[in-house]
>>> print(open('work-v6.pdb').read())   # PDB, C-alpha atoms
MODEL        1
ATOM      1  CA  MET A  68       0.000   0.000   0.000
ATOM      2  CA  VAL A  69       1.270   3.487  -0.878
ATOM      3  CA  ASN A  70       2.137   5.591   2.161
ATOM      4  CA  MET A  71      -0.064   8.680   1.815
ATOM      5  CA  ARG A  72       1.048  10.243   5.083
ATOM      6  CA  ASN A  73       2.822  13.161   3.421
ATOM      7  CA  ALA A  74       0.803  13.319   0.212
ATOM      8  CA  ARG A  75      -1.224  16.428  -0.641
ATOM      9  CA  ASP A  76      -4.171  16.940  -2.941
ATOM     10  CA  VAL A  77      -2.563  19.797  -4.842
ATOM     11  CA  ASN A  78      -4.715  22.446  -6.471
ATOM     12  CA  MET A  79      -2.803  21.953  -9.682
ATOM     13  CA  ASP A  80      -4.476  24.708 -11.719
ATOM     14  CA  SER A  81      -3.559  27.363  -9.171
ATOM     15  CA  ALA A  82      -0.061  25.979  -8.605
ATOM     16  CA  ILE A  83       0.676  25.928 -12.348
ATOM     17  CA  SER A  84      -0.679  29.455 -12.765
ATOM     18  CA  ILE A  85       1.509  30.792  -9.935
ATOM     19  CA  ALA A  86       4.523  28.843 -11.221
ATOM     20  CA  SER A  87       4.033  30.412 -14.657
ATOM     21  CA  SER A  88       4.021  33.883 -13.091
ATOM     22  CA  VAL A  89       7.218  33.112 -11.159
ATOM     23  CA  ILE A  90       8.935  31.908 -14.356
ATOM     24  CA  GLN A  91       7.961  35.153 -16.051
ATOM     25  CA  CYS A  92       9.348  37.148 -13.115
ATOM     26  CA  LEU A  93      12.699  35.371 -13.328
ATOM     27  CA  TYR A  94      13.172  35.776 -17.071
ATOM     28  CA  ASP A  95      11.512  39.141 -17.728
ATOM     29  CA  ASP A  96      13.417  41.881 -15.947
ATOM     30  CA  THR A  97      12.444  44.604 -18.417
ATOM     31  CA  GLN A  98       9.452  45.738 -16.377
ATOM     32  CA  ASN A  99       9.350  44.036 -12.991
ATOM     33  CA  ASP A 100      12.897  44.264 -11.606
ATOM     34  CA  SER A 101      12.196  40.783 -10.306
ATOM     35  CA  ASP A 102      15.286  38.800 -11.302
ATOM     36  CA  VAL A 103      17.327  37.332  -8.456
ATOM     37  CA  LEU A 104      19.639  40.345  -8.046
ATOM     38  CA  HIS A 105      16.809  42.882  -7.842
ATOM     39  CA  TRP A 106      14.758  40.546  -5.632
ATOM     40  CA  ILE A 107      17.596  40.216  -3.127
ATOM     41  CA  GLU A 108      18.139  43.976  -3.137
ATOM     42  CA  ASN A 109      14.474  45.039  -3.064
ATOM     43  CA  PHE A 110      13.436  42.575  -0.353
ATOM     44  CA  ASN A 111      16.625  42.849   1.740
ATOM     45  CA  ASN A 112      17.224  39.123   1.326
ATOM     46  CA  PHE A 113      21.020  39.055   1.139
ATOM     47  CA  GLU A 114      21.544  37.434   4.542
ATOM     48  CA  THR A 115      18.824  34.890   3.717
ATOM     49  CA  ALA A 116      20.573  34.088   0.446
ATOM     50  CA  ILE A 117      23.941  33.674   2.189
ATOM     51  CA  SER A 118      22.371  31.209   4.628
ATOM     52  CA  LYS A 119      20.644  29.198   1.889
ATOM     53  CA  TRP A 120      23.710  29.130  -0.364
ATOM     54  CA  SER A 121      25.940  27.778   2.398
ATOM     55  CA  LYS A 122      24.208  24.422   2.976
ATOM     56  CA  PRO A 123      21.044  22.571   1.901
ATOM     57  CA  GLN A 124      17.929  23.559   3.834
ATOM     58  CA  ARG A 125      14.410  22.186   3.455
ATOM     59  CA  LYS A 126      12.957  25.651   2.877
ATOM     60  CA  THR A 127      15.132  26.607  -0.044
ATOM     61  CA  LEU A 128      16.067  29.973  -1.496
ATOM     62  CA  LEU A 129      13.643  29.161  -4.293
ATOM     63  CA  HIS A 130      10.825  28.834  -1.741
ATOM     64  CA  GLU A 131      11.683  32.340  -0.526
ATOM     65  CA  TYR A 132      11.706  33.678  -4.097
ATOM     66  CA  ILE A 133       8.337  32.096  -4.915
ATOM     67  CA  GLN A 134       6.760  33.455  -1.739
ATOM     68  CA  ASP A 135       7.953  37.012  -2.264
ATOM     69  CA  GLN A 136       6.983  37.128  -5.941
ATOM     70  CA  TYR A 137       3.528  35.708  -5.186
ATOM     71  CA  LEU A 138       2.806  38.139  -2.351
ATOM     72  CA  ASP A 139       4.274  41.084  -4.253
ATOM     73  CA  ALA A 140       1.932  40.437  -7.179
ATOM     74  CA  GLN A 141      -1.032  39.927  -4.857
ATOM     75  CA  ASN A 142      -0.313  43.115  -2.900
ATOM     76  CA  TYR A 143       0.020  45.093  -6.123
ATOM     77  CA  VAL A 144      -3.456  44.027  -7.217
ATOM     78  CA  LEU A 145      -4.971  44.671  -3.795
ATOM     79  CA  ASP A 146      -3.353  48.116  -3.621
ATOM     80  CA  LYS A 147      -4.994  48.934  -6.956
ATOM     81  CA  HIS A 148      -8.350  48.033  -5.325
ATOM     82  CA  PHE A 149      -8.991  45.106  -7.682
ATOM     83  CA  VAL A 150      -9.898  42.924  -4.738
ATOM     84  CA  VAL A 151     -12.638  40.674  -6.138
ATOM     85  CA  ASP A 152     -10.452  38.217  -8.060
ATOM     86  CA  GLU A 153      -7.955  37.988  -5.200
ATOM     87  CA  ILE A 154     -10.754  37.234  -2.740
ATOM     88  CA  LYS A 155     -12.083  34.544  -5.088
ATOM     89  CA  GLY A 156      -8.616  33.019  -5.450
ATOM     90  CA  MET A 157      -7.876  32.900  -1.720
ATOM     91  CA  GLN A 158     -11.330  31.527  -0.864
ATOM     92  CA  HIS A 159     -10.946  28.856  -3.541
ATOM     93  CA  LEU A 160      -7.584  27.719  -2.174
ATOM     94  CA  LEU A 161      -8.706  27.786   1.457
ATOM     95  CA  GLU A 162     -11.712  25.647   0.592
ATOM     96  CA  HIS A 163      -9.703  23.265  -1.592
ATOM     97  CA  TYR A 164      -7.221  22.583   1.207
ATOM     98  CA  GLY A 165      -9.963  22.342   3.831
ATOM     99  CA  VAL A 166      -8.880  25.349   5.888
ATOM    100  CA  ASP A 167     -11.735  26.690   8.005
ATOM    101  CA  TYR A 168     -11.970  30.474   7.709
ATOM    102  CA  SER A 169     -15.530  30.769   9.002
ATOM    103  CA  TYR A 170     -14.633  33.098  11.857
ATOM    104  CA  ILE A 171     -13.590  35.691   9.261
ATOM    105  CA  GLY A 172     -16.797  35.067   7.359
ATOM    106  CA  LYS A 173     -17.326  34.348   3.697
ATOM    107  CA  VAL A 174     -18.266  37.299   1.540
ATOM    108  CA  ASN A 175     -19.858  36.060  -1.672
ATOM    109  CA  VAL A 176     -18.104  37.829  -4.543
ATOM    110  CA  ALA A 177     -18.959  35.270  -7.215
ATOM    111  CA  ASN A 178     -21.200  37.594  -9.206
ATOM    112  CA  LEU A 179     -19.331  40.856  -8.635
ATOM    113  CA  PRO A 180     -17.398  42.507 -11.468
ATOM    114  CA  PHE A 181     -13.609  42.303 -11.120
ATOM    115  CA  ASP A 182     -13.335  46.062 -10.509
ATOM    116  CA  GLU A 183     -16.025  46.255  -7.809
ATOM    117  CA  TYR A 184     -14.627  47.988  -4.735
ATOM    118  CA  THR A 185     -15.975  49.235  -1.448
ATOM    119  CA  GLU A 186     -14.223  49.933   1.834
ATOM    120  CA  GLU A 187     -15.920  46.865   3.277
ATOM    121  CA  LEU A 188     -14.554  44.673   0.487
ATOM    122  CA  GLY A 189     -11.099  46.161   0.973
ATOM    123  CA  GLU A 190     -11.142  45.465   4.707
ATOM    124  CA  TYR A 191     -12.372  41.923   4.122
ATOM    125  CA  ALA A 192      -9.624  41.277   1.539
ATOM    126  CA  ASP A 193      -6.979  42.452   4.022
ATOM    127  CA  LYS A 194      -8.321  40.180   6.777
ATOM    128  CA  LEU A 195      -8.581  37.234   4.410
ATOM    129  CA  GLN A 196      -5.043  37.756   3.135
ATOM    130  CA  SER A 197      -3.646  37.914   6.669
ATOM    131  CA  PHE A 198      -5.418  34.648   7.529
ATOM    132  CA  PHE A 199      -4.254  33.087   4.242
ATOM    133  CA  ILE A 200      -0.630  34.011   4.938
ATOM    134  CA  ASP A 201      -0.744  32.556   8.447
ATOM    135  CA  ASN A 202      -2.574  29.338   7.576
ATOM    136  CA  LEU A 203      -1.985  28.321   3.959
ATOM    137  CA  LEU A 204       0.752  30.312   2.224
ATOM    138  CA  ASP A 205       3.564  27.866   3.086
ATOM    139  CA  ILE A 206       1.643  24.953   1.554
ATOM    140  CA  VAL A 207       0.796  26.850  -1.627
ATOM    141  CA  VAL A 208       4.426  27.965  -1.992
ATOM    142  CA  ASP A 209       5.649  24.384  -1.520
ATOM    143  CA  ASP A 210       3.214  23.140  -4.178
ATOM    144  CA  VAL A 211       4.557  25.741  -6.614
ATOM    145  CA  PHE A 212       8.100  24.715  -5.668
ATOM    146  CA  SER A 213       7.236  21.096  -6.489
ATOM    147  CA  ILE A 214       6.384  22.167 -10.040
ATOM    148  CA  LEU A 215       9.373  24.444 -10.571
ATOM    149  CA  TYR A 216      11.761  21.877  -9.059
ATOM    150  CA  MET A 217      10.945  19.625 -12.012
ATOM    151  CA  ASP A 218      12.041  22.316 -14.504
ATOM    152  CA  LYS A 219      15.818  22.141 -14.937
ATOM    153  CA  ASN A 220      15.768  25.085 -17.363
ATOM    154  CA  PHE A 221      14.253  27.266 -14.648
ATOM    155  CA  LEU A 222      16.602  25.902 -11.969
ATOM    156  CA  HIS A 223      19.612  26.546 -14.191
ATOM    157  CA  GLU A 224      18.565  30.146 -14.824
ATOM    158  CA  PHE A 225      17.712  30.766 -11.164
ATOM    159  CA  ASN A 226      21.121  29.535 -10.040
ATOM    160  CA  ARG A 227      22.934  31.234 -12.926
ATOM    161  CA  GLN A 228      21.553  34.527 -11.649
ATOM    162  CA  CYS A 229      22.638  33.594  -8.129
ATOM    163  CA  ALA A 230      26.103  32.840  -9.501
ATOM    164  CA  GLU A 231      26.424  36.362 -10.896
ATOM    165  CA  ILE A 232      26.145  37.653  -7.330
ATOM    166  CA  ILE A 233      28.304  34.963  -5.727
ATOM    167  CA  ARG A 234      31.191  35.598  -8.126
ATOM    168  CA  THR A 235      31.455  39.175  -6.785
ATOM    169  CA  LEU A 236      31.898  38.061  -3.156
ATOM    170  CA  LYS A 237      35.300  38.178  -1.460
ATOM    171  CA  LYS A 238      36.632  35.498   0.873
ATOM    172  CA  ASP A 239      37.900  38.133   3.308
ATOM    173  CA  ASP A 240      34.333  39.387   3.713
ATOM    174  CA  TYR A 241      32.686  35.938   3.957
ATOM    175  CA  PRO A 242      35.292  33.488   5.311
ATOM    176  CA  ASP A 243      32.664  31.050   6.620
ATOM    177  CA  LEU A 244      30.924  30.863   3.233
ATOM    178  CA  LEU A 245      33.695  31.031   0.648
ATOM    179  CA  ARG A 246      36.646  28.769  -0.134
ATOM    180  CA  ASP A 247      38.104  31.352  -2.526
ATOM    181  CA  ASP A 248      36.881  34.651  -3.904
ATOM    182  CA  GLY A 249      33.549  33.933  -5.609
ATOM    183  CA  VAL A 250      33.649  30.203  -4.765
ATOM    184  CA  ILE A 251      31.393  28.747  -2.065
ATOM    185  CA  LYS A 252      32.668  25.916   0.118
ATOM    186  CA  ARG A 253      31.468  22.426  -0.792
ATOM    187  CA  VAL A 254      29.287  20.746   1.824
ATOM    188  CA  SER A 255      30.652  17.516   3.264
ATOM    189  CA  TYR A 256      27.282  16.057   4.235
ATOM    190  CA  TYR A 257      24.277  15.417   1.996
ATOM    191  CA  PRO A 258      21.072  15.050   4.056
ATOM    192  CA  THR A 259      19.014  11.941   3.355
ATOM    193  CA  TRP A 260      15.924  14.042   2.570
ATOM    194  CA  LEU A 261      17.893  15.919  -0.107
ATOM    195  CA  LYS A 262      19.268  12.776  -1.755
ATOM    196  CA  ARG A 263      15.823  11.171  -1.797
ATOM    197  CA  GLY A 264      14.267  14.308  -3.276
ATOM    198  CA  ILE A 265      16.867  14.517  -6.049
ATOM    199  CA  GLU A 266      16.528  10.814  -6.868
ATOM    200  CA  TYR A 267      12.728  11.086  -6.941
ATOM    201  CA  ARG A 268      12.788  14.092  -9.259
ATOM    202  CA  ASP A 269      15.462  12.681 -11.569
ATOM    203  CA  LYS A 270      13.866   9.219 -11.536
ATOM    204  CA  CYS A 271      17.182   7.652 -10.503
ATOM    205  CA  ARG A 272      18.622   8.493 -13.908
ATOM    206  CA  CYS A 273      21.692  10.485 -14.850
ATOM    207  CA  SER A 274      20.668  14.041 -15.696
ATOM    208  CA  ILE A 275      23.108  14.111 -18.621
ATOM    209  CA  CYS A 276      23.164  10.685 -20.308
ATOM    210  CA  GLY A 277      19.956   9.244 -18.847
ATOM    211  CA  CYS A 278      21.475   5.960 -17.671
ATOM    212  CA  ASP A 279      19.753   4.052 -14.878
ATOM    213  CA  LEU A 280      21.205   4.648 -11.399
ATOM    214  CA  SER A 281      18.641   2.750  -9.361
ATOM    215  CA  SER A 282      20.677  -0.480  -9.125
ATOM    216  CA  ALA A 283      17.605  -2.285 -10.418
ATOM    217  CA  PHE A 284      19.515  -3.484 -13.482
ATOM    218  CA  THR A 285      23.186  -3.082 -12.595
ATOM    219  CA  THR A 286      25.478  -2.443  -9.650
ATOM    220  CA  LEU A 287      28.280  -1.064 -11.834
ATOM    221  CA  VAL A 288      27.122   2.577 -12.032
ATOM    222  CA  ASP A 289      27.631   4.936  -9.090
ATOM    223  CA  GLU A 290      25.404   7.941  -8.570
ATOM    224  CA  ASN A 291      26.848  11.405  -7.966
ATOM    225  CA  TYR A 292      25.068  14.391  -6.453
ATOM    226  CA  ASP A 293      26.183  17.161  -8.759
ATOM    227  CA  HIS A 294      25.846  20.960  -8.713
ATOM    228  CA  ILE A 295      23.956  22.164 -11.796
ATOM    229  CA  ILE A 296      26.022  25.361 -11.714
ATOM    230  CA  PRO A 297      29.436  24.181 -10.475
ATOM    231  CA  LEU A 298      30.846  25.850  -7.384
ATOM    232  CA  LYS A 299      33.832  27.144  -9.372
ATOM    233  CA  MET A 300      31.375  28.963 -11.653
ATOM    234  CA  GLY A 301      29.577  30.612  -8.730
ATOM    235  CA  GLY A 302      27.275  27.736  -7.888
ATOM    236  CA  ASN A 303      25.826  27.166  -4.446
ATOM    237  CA  ASN A 304      24.552  24.444  -2.105
ATOM    238  CA  ASP A 305      20.843  25.312  -2.182
ATOM    239  CA  PRO A 306      18.740  22.219  -3.062
ATOM    240  CA  SER A 307      17.628  23.983  -6.253
ATOM    241  CA  ASN A 308      21.193  23.630  -7.602
ATOM    242  CA  TRP A 309      21.576  19.841  -7.374
ATOM    243  CA  GLN A 310      21.063  17.036  -9.866
ATOM    244  CA  LEU A 311      21.825  13.340 -10.150
ATOM    245  CA  THR A 312      24.574  12.214 -12.532
ATOM    246  CA  CYS A 313      26.524   9.041 -13.133
ATOM    247  CA  GLU A 314      30.215   9.010 -12.261
ATOM    248  CA  ARG A 315      31.335   9.115 -15.901
ATOM    249  CA  CYS A 316      29.205  12.154 -16.765
ATOM    250  CA  ASN A 317      30.123  13.870 -13.527
ATOM    251  CA  LYS A 318      33.833  13.569 -14.275
ATOM    252  CA  SER A 319      33.461  14.583 -17.922
ATOM    253  CA  LYS A 320      31.264  17.539 -16.956
ATOM    254  CA  GLY A 321      34.020  18.906 -14.765
ATOM    255  CA  ALA A 322      34.011  22.098 -12.726
ATOM    256  CA  ARG A 323      33.482  24.468 -15.658
ATOM    257  CA  SER A 324      30.371  23.012 -17.237
ATOM    258  CA  SER A 325      26.705  23.452 -16.306
ATOM    259  CA  ASP A 326      25.379  20.686 -18.544
ATOM    260  CA  PHE A 327      21.929  19.300 -17.777
ATOM    261  CA  LYS A 328      18.935  17.810 -19.533
ATOM    262  CA  ASN A 329      15.223  17.723 -18.808
ATOM    263  CA  ILE A 330      14.919  13.977 -19.361
ATOM    264  CA  VAL A 331      11.313  12.922 -19.868
ATOM    265  CA  PHE A 332       9.954   9.593 -20.994
ATOM    266  CA  PRO A 333       6.605  10.161 -22.787
ATOM    267  CA  PHE A 334       3.567   8.346 -21.433
ATOM    268  CA  TRP A 335       3.192   6.742 -24.837
ATOM    269  CA  GLU A 336       4.645   7.098 -28.337
ATOM    270  CA  ILE A 337       2.449   8.829 -30.893
ATOM    271  CA  LYS A 338       2.372   7.100 -34.268
ATOM    272  CA  ASP A 339       0.463   7.910 -37.418
ATOM    273  CA  GLY A 340      -2.479   5.608 -37.909
ATOM    274  CA  ASP A 341      -3.034   4.731 -34.248
TER     275      ASP A 341
ENDMDL
END
>>> encode(input="work-v6.pdb", output="structure tokens")
Amino acid sequence: MVNMRNARDVNMDSAISIASSVIQCLYDDTQNDSDVLHWIENFNNFETAISKWSKPQRKTLLHEYIQDQYLDAQNYVLDKHFVVDEIKGMQHLLEHYGVDYSYIGKVNVANLPFDEYTEELGEYADKLQSFFIDNLLDIVVDDVFSILYMDKNFLHEFNRQCAEIIRTLKKDDYPDLLRDDGVIKRVSYYPTWLKRGIEYRDKCRCSICGCDLSSAFTTLVDENYDHIIPLKMGGNNDPSNWQLTCERCNKSKGARSSDFKNIVFPFWEIKDGD
């Protein structure tokens, strides 16, 4: 029997929609100033980033980025007094995840136009958001993380932008973090939860050549836990910057390559005439 203890019934539509917005924030800096550098500066997150880059932590730097981008977008809409759609979205998520918000009350906005605004609606939206942040935000952020963690293109870009910052850091200023100027120290211990998460995401296959690393068919291939952006290129130890590789690909990749692949096996092969 499958152990469902830690399983969640994800609201996939909402999680995908938020993940799409976060991807746009990362790649499109022309309007939002929301790439990693501006995010760290605008949200005063440098010390948080230093902590997350130093060693793997369950709440990753990517979790922090998702949370801030989500709340920033939500606050922007609420500040513009377009509260109806945000109320609908928060109520929908609270109800989907079975969170009781009855003491706040449910204001029915189903039939209101998106630009309807009164002081009462504004006050209700603020109360609902505060409750949402305290009781559900972490779960929603983790569900979005679960989607983005599957996207190696996104992870590569996220950590490439981190690397641009890391390469400017000096060892004299951060002796506990850096081995050399712009090079973070390698961790000596890989937590079990991290290794299991990487293996689950990468399906126990090498992220470069795709060979099987599960030991189901052979004992001759050793798995390696590899930095997507190598430490010598400004990489870091956040869980978002790890992948599974075989020993041969890991050695051939070296310390100056950020090779990766989004390896996917289709559910079925499409053929003409089927």
>>> resolve_selection(input="work-v6.pdb", expression="the PyMOL selection byres ((chain A and resi 140-150) around 8)", output="VMD selection string")
chain A and resid 136 to 139 151 to 154 181 to 184 188 to 189 192
>>> atom_distance(input="work-v6.pdb", atom1="atom CA of Val211 of chain A", atom2="atom CA of Gln124 of chain A")
17.1 Å
>>> closest_residue(input="work-v6.pdb", among="A:Ser121, A:Ser281, A:Thr115, A:Asn329", to="Gln310 of chain A", atoms="only C-alpha atoms")
A:Asn329
>>> atom_distance(input="work-v6.pdb", atom1="atom CA of Val103 of chain A", atom2="atom CA of Gln196 of chain A")
25.2 Å
>>> closest_atom_pairs(input="work-v6.pdb", of="segment 97-148 of chain A", to="segment 221-238 of chain A", cutoff="9 Å", atoms="all atoms listed in the file", output="CSV")
residue,atom,partner,partner_atom,distance
A:Asp102,CA,A:Gln228,CA,7.6
A:Val103,CA,A:Gln228,CA,6.0
A:Leu104,CA,A:Ile232,CA,7.1
A:Ala116,CA,A:Cys229,CA,8.8
A:Leu129,CA,A:Phe225,CA,8.1
>>> resolve_selection(input="work-v6.pdb", expression="the PyMOL selection byres ((chain A and resi 157) around 10)", output="number ranges by chain")
A: 152-156, 158-163, 192, 195-196, 198-200, 203-204
>>> write_last_selection(input="work-v6.pdb", atoms="C-alpha atoms", output="PDB file, in the coordinates of the input")
ATOM      1  CA  ASP A 152     -10.452  38.217  -8.060  1.00  0.00           C
ATOM      2  CA  GLU A 153      -7.955  37.988  -5.200  1.00  0.00           C
ATOM      3  CA  ILE A 154     -10.754  37.234  -2.740  1.00  0.00           C
ATOM      4  CA  LYS A 155     -12.083  34.544  -5.088  1.00  0.00           C
ATOM      5  CA  GLY A 156      -8.616  33.019  -5.450  1.00  0.00           C
ATOM      6  CA  GLN A 158     -11.330  31.527  -0.864  1.00  0.00           C
ATOM      7  CA  HIS A 159     -10.946  28.856  -3.541  1.00  0.00           C
ATOM      8  CA  LEU A 160      -7.584  27.719  -2.174  1.00  0.00           C
ATOM      9  CA  LEU A 161      -8.706  27.786   1.457  1.00  0.00           C
ATOM     10  CA  GLU A 162     -11.712  25.647   0.592  1.00  0.00           C
ATOM     11  CA  HIS A 163      -9.703  23.265  -1.592  1.00  0.00           C
ATOM     12  CA  ALA A 192      -9.624  41.277   1.539  1.00  0.00           C
ATOM     13  CA  LEU A 195      -8.581  37.234   4.410  1.00  0.00           C
ATOM     14  CA  GLN A 196      -5.043  37.756   3.135  1.00  0.00           C
ATOM     15  CA  PHE A 198      -5.418  34.648   7.529  1.00  0.00           C
ATOM     16  CA  PHE A 199      -4.254  33.087   4.242  1.00  0.00           C
ATOM     17  CA  ILE A 200      -0.630  34.011   4.938  1.00  0.00           C
ATOM     18  CA  LEU A 203      -1.985  28.321   3.959  1.00  0.00           C
ATOM     19  CA  LEU A 204       0.752  30.312   2.224  1.00  0.00           C
TER      20      LEU A 204
END
>>> closest_residue(input="work-v6.pdb", among="A:Trp335, A:Val208, A:Asp76, A:Asn178", to="Tyr132 of chain A", atoms="only C-alpha atoms")
A:Val208
>>> closest_residue(input="work-v6.pdb", among="A:Lys119, A:Ile206, A:Gly172, A:Asn291", to="Gln134 of chain A", atoms="only C-alpha atoms")
A:Ile206
>>> atom_distance(input="work-v6.pdb", atom1="atom CA of Asp209 of chain A", atom2="atom CA of Thr259 of chain A")
18.9 Å
>>> resolve_selection(input="work-v6.pdb", expression="the PyMOL selection byres ((chain A and resi 317) around 10)", output="PyMOL selection string")
chain A and resi 273-275+290-294+311-316+318-322+324+326
>>> residues_around(input="work-v6.pdb", residues="segment 252-257 of chain A", least_positions_apart="5", cutoff="8 Å", atoms="only C-alpha atoms", output="ChimeraX atom specification")
/A:121-123,244-246,262,298,304
>>> closest_residue(input="work-v6.pdb", among="A:Tyr168, A:Trp120, A:Phe334, A:Tyr191", to="Trp309 of chain A", atoms="all atoms listed in the file")
A:Trp120
>>> decode(input="work-v6.pdb", residues="segment 187-223 of chain A", atoms="C-alpha atoms", output="compact mmCIF listing (two decimals), in the first residue's frame")
# COMPACT_ATOMS: atom_id res chain seq x y z
CA GLU A 187 -15.92 46.86 3.28
CA LEU A 188 -14.55 44.67 0.49
CA GLY A 189 -11.10 46.16 0.97
CA GLU A 190 -11.14 45.46 4.71
CA TYR A 191 -12.37 41.92 4.12
CA ALA A 192 -9.62 41.28 1.54
CA ASP A 193 -6.98 42.45 4.02
CA LYS A 194 -8.32 40.18 6.78
CA LEU A 195 -8.58 37.23 4.41
CA GLN A 196 -5.04 37.76 3.14
CA SER A 197 -3.65 37.91 6.67
CA PHE A 198 -5.42 34.65 7.53
CA PHE A 199 -4.25 33.09 4.24
CA ILE A 200 -0.63 34.01 4.94
CA ASP A 201 -0.74 32.56 8.45
CA ASN A 202 -2.57 29.34 7.58
CA LEU A 203 -1.99 28.32 3.96
CA LEU A 204 0.75 30.31 2.22
CA ASP A 205 3.56 27.87 3.09
CA ILE A 206 1.64 24.95 1.55
CA VAL A 207 0.80 26.85 -1.63
CA VAL A 208 4.43 27.96 -1.99
CA ASP A 209 5.65 24.38 -1.52
CA ASP A 210 3.21 23.14 -4.18
CA VAL A 211 4.56 25.74 -6.61
CA PHE A 212 8.10 24.71 -5.67
CA SER A 213 7.24 21.10 -6.49
CA ILE A 214 6.38 22.17 -10.04
CA LEU A 215 9.37 24.44 -10.57
CA TYR A 216 11.76 21.88 -9.06
CA MET A 217 10.95 19.62 -12.01
CA ASP A 218 12.04 22.32 -14.50
CA LYS A 219 15.82 22.14 -14.94
CA ASN A 220 15.77 25.08 -17.36
CA PHE A 221 14.25 27.27 -14.65
CA LEU A 222 16.60 25.90 -11.97
CA HIS A 223 19.61 26.55 -14.19
